[in-house]
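Each remark here refers to the structure printed beneath this line.
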Amino acid sequence: MTGAGGPRGYFRLALVGAWAAWIAVPAAAEPTFLSKQYPRCTACHYSPSGGGLLTPYGRSLSREELSTFGRRDATAEAGDRAEEEFLFGAVGSDSPLQLGLDFRPSQLQIEVAGRDLPDRNFLMNLDLQAAWRFGGWTAYGTAGRRPGGDFVSYEHWLARQVSDRVSIRGGRFLPAYGVRFADHTALSRRQLGLGEDDQVYGVELGLSSDRWLLQVAAGPGRAESLLDDDGRAALTVSGRAQRDLGSRTVAVASVLHRGAADRAARRTAVGASFGYAPAPWLTTWTQLDVQFRDSAPDDRAVILTNQTSVEVWRGVWLRISPQRYRVPDDSRAEIHRMVYGLDLYPRTHWHVNLSWYRDRFVFSDRLDRRLLLQLHLYL
C-alpha cells in the first residue's frame with residue numbers, strides 16, 4: 001500500500017498542481033455580454049484585447065445591466081457613493097488613476113481515469129490592477145501572486161491614442177487572437193499557447209472604424225521565456241480583424257505566428273470566429289482554428305470551440321461549451337471536451353462560477369473530470 005507521500009501520492013499532487021496552474025488566470029473579458037450589444041472590448045476594459053481592469057463606464061454597466069440586485073434605485077441621489085467604484089467608492093471615480101483588486105478563492109475537485117485526486121482549496125489569484133489615462137495616453141499594469149506564492153505582473157504596457165482611428169501600445173500583453181474566452185483552459189486558448197502565462201513583449205497597432213477593428217502586433221516572443229531565458233522565445237507576430245455585422249453579431253479572422261527557437265518549433269495558427277446574440281438573454285460563439293507545426297510528422301491540428309450562454313434570470317447565466325482538438329490521422333492526440341457552467345452575478349463586485357469539465361481522450365478512451373467552484377470578488 002502506497003502512502004500519501006509515496007510515488008502515487010506525489011503523482012496525484014502533481015496533477016492537481018498542473019490543473020490549478022492551467023486555470024489560475026487574471027480577470028478576462030466575457031464574450032457572453034455580446035448579448036448586451038457591446039461587441040468591442042474597449043467599451044468596458046482598458047485593454048484593447050479585453051480582460052483586466054474595467055473602465056468607470058464598464059464598472060457602471062456591470063452594476064446597472066449585469067448584476068441581479070445591484071441596479072441603482074431611481075430615487076438615489078447623484079452624490080451617493082457607487083458600489084461599483086474601487087473599494088465601494090472609498091476613492092472615487094473622477095481621478096485619472098483607476099484601481100482594481102481581483103480576488104479569487106477557489107475549490108478544485110479532480111477525477112482522473114476514475115480515480116479521485118485530493119480536493120484543493122486555494123487562492124487562485126490576488127491582483128492589484130491600475131490604469132492611468134490622461135491626454136490620449138494610458139499606462140496600465142497589474143501586480144499580484146500566483147497560486148504558488150510567486151510575484152507576477154501579468155500585464156504592463158503603455159498606449160497612445162494617436163487619433164480616433166489609430167492607437168499603439170507597447171509592453172507585456174496577451175496577443176489579440178480570436179475570442180478571448182474567460183476560461184483560459186479552453187482548447188482554443190491552451191492548445192494555441194494563449195494561456196495564463198503566455199503574454200508577449202511587443203508592440204501593437206490598432207486601427208478602428210465604426211464597423212472594423214484591426215489589431216496587429218509583433219515582438220521578440222513570450223514574456224516568461226524571455227525573462228527565464230528558457231530557449232523558447234521566438235519572434236511572434238499576430239493579427240486580428242473584427243467586423244461588426246450588427247450590435248449583436250461579430251465575425252473575426254485571426255493569425256498567430258511564432259518562429260522557431262532553440263527549444264521550440266515554428267508554429268502558425270489561423271482562426272475564424274463568429275459571435276451571435278439573437279436575444280438579450282442568449283449568446284453563442286463558435287471558433288475554428290487550424291495550427292500548422294514543424295514539430296510532428298502530421299503538422300496540422302484542428303480545434304473547434306463553441307460557447308453558448310443563456311441568461312435564465314437577471315444575473316444568472318447557464319453555460320455550455322463543447323470543444324474538440326484533433327490531429328488528422330493521429331487519434332492519440334484527439335480530445336473531446338464538454339464544459340457545463342453556472343455564472344451568478346448577484347451584486348456588482350460578486351461573481352460566482354461553478355464549472356464542470358469532462359475530457360475524453362479518444363485513443364485511450366480515458367475520462368477526466370473536474371469541478372471548479374470559484375468566488376470572484378472584483379473590488
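Residue numbering restarts at 1 for every chain of the C-alpha cells, chains are lettered A, B, ... in their displayed order, and ligands are numbered from 1 as they appear.
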task: Any chance you could list, as a list in words, the residues in region 156-363 of chain A that come up alpha helix (DSSP H) when DSSP is run on the backbone?
output: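 Here are the alpha helix (DSSP H) residues of region 156-363 of chain A: Leu187, Ser188, Arg189, Arg190, Ala223, Glu224, Ser225, Leu226, Leu227 and Asp228 of chain A.
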Would you put the residues from that selection into a file with C-alpha atoms, as a CSV table (one decimal), in the first residue's frame?
```csv
chain,number,residue,atom,x,y,z
A,187,LEU,CA,-8.8,24.2,-26.0
A,188,SER,CA,-8.8,27.3,-28.3
A,189,ARG,CA,-6.6,29.0,-25.8
A,190,ARG,CA,-4.4,26.4,-24.2
A,223,ALA,CA,7.5,37.2,-21.9
A,224,GLU,CA,8.1,34.4,-19.4
A,225,SER,CA,10.5,32.7,-21.8
A,226,LEU,CA,12.4,35.9,-22.3
A,227,LEU,CA,12.7,36.5,-18.6
A,228,ASP,CA,13.7,32.9,-17.8
```
message: If you run DSSP on the backbone here, which positions in region 119-333 of chain A get strand (DSSP E)? Please write them as a ChimeraX atom specification.
response: /A:120-134,137-145,151-152,156-161,166-173,200-208,212-222,236-246,249-258,267-279,282-293,300-313,316-327,330-333
Please, which residues in region 128-188 of chain A fall within 12 Å of region 32-41 of chain A when counting only C-alpha atoms, and what is the closest atom pair and distance in Å to one decimal for each, ordered by chain then residue number, as a Markdown table?
```
| residue | atom | partner | partner_atom | distance |
| --- | --- | --- | --- | --- |
| A:Ala176 | CA | A:Cys41 | CA | 10.9 |
| A:Val179 | CA | A:Cys41 | CA | 10.6 |
| A:Arg180 | CA | A:Cys41 | CA | 9.7 |
| A:Phe181 | CA | A:Thr32 | CA | 8.9 |
| A:Ala182 | CA | A:Thr32 | CA | 9.5 |
| A:Asp183 | CA | A:Thr32 | CA | 12.0 |
```
- request: Just give me the gap between CA of Ser254 (chain A) and CA of Pro175 (chain A) in Å, one decimal is fine.
  value: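 So the answer is 10.4 Å.
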task: Take CA of Leu213 (chain A) and CA of Pro322 (chain A) and report the distance between them in Å, one decimal.
output: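 Atom-to-atom, CA of Leu213 (chain A) to CA of Pro322 (chain A), that is 27.7 Å.
Here CA of Gly170 (chain A) is placed at a distance of 10.8 Å from CA of Thr138 (chain A).
Distances from A:Arg240, A:Arg366, A:Arg266, A:His349 to Ala82 (chain A) were compared using only C-alpha atoms, and the smallest one belongs to A:His349.
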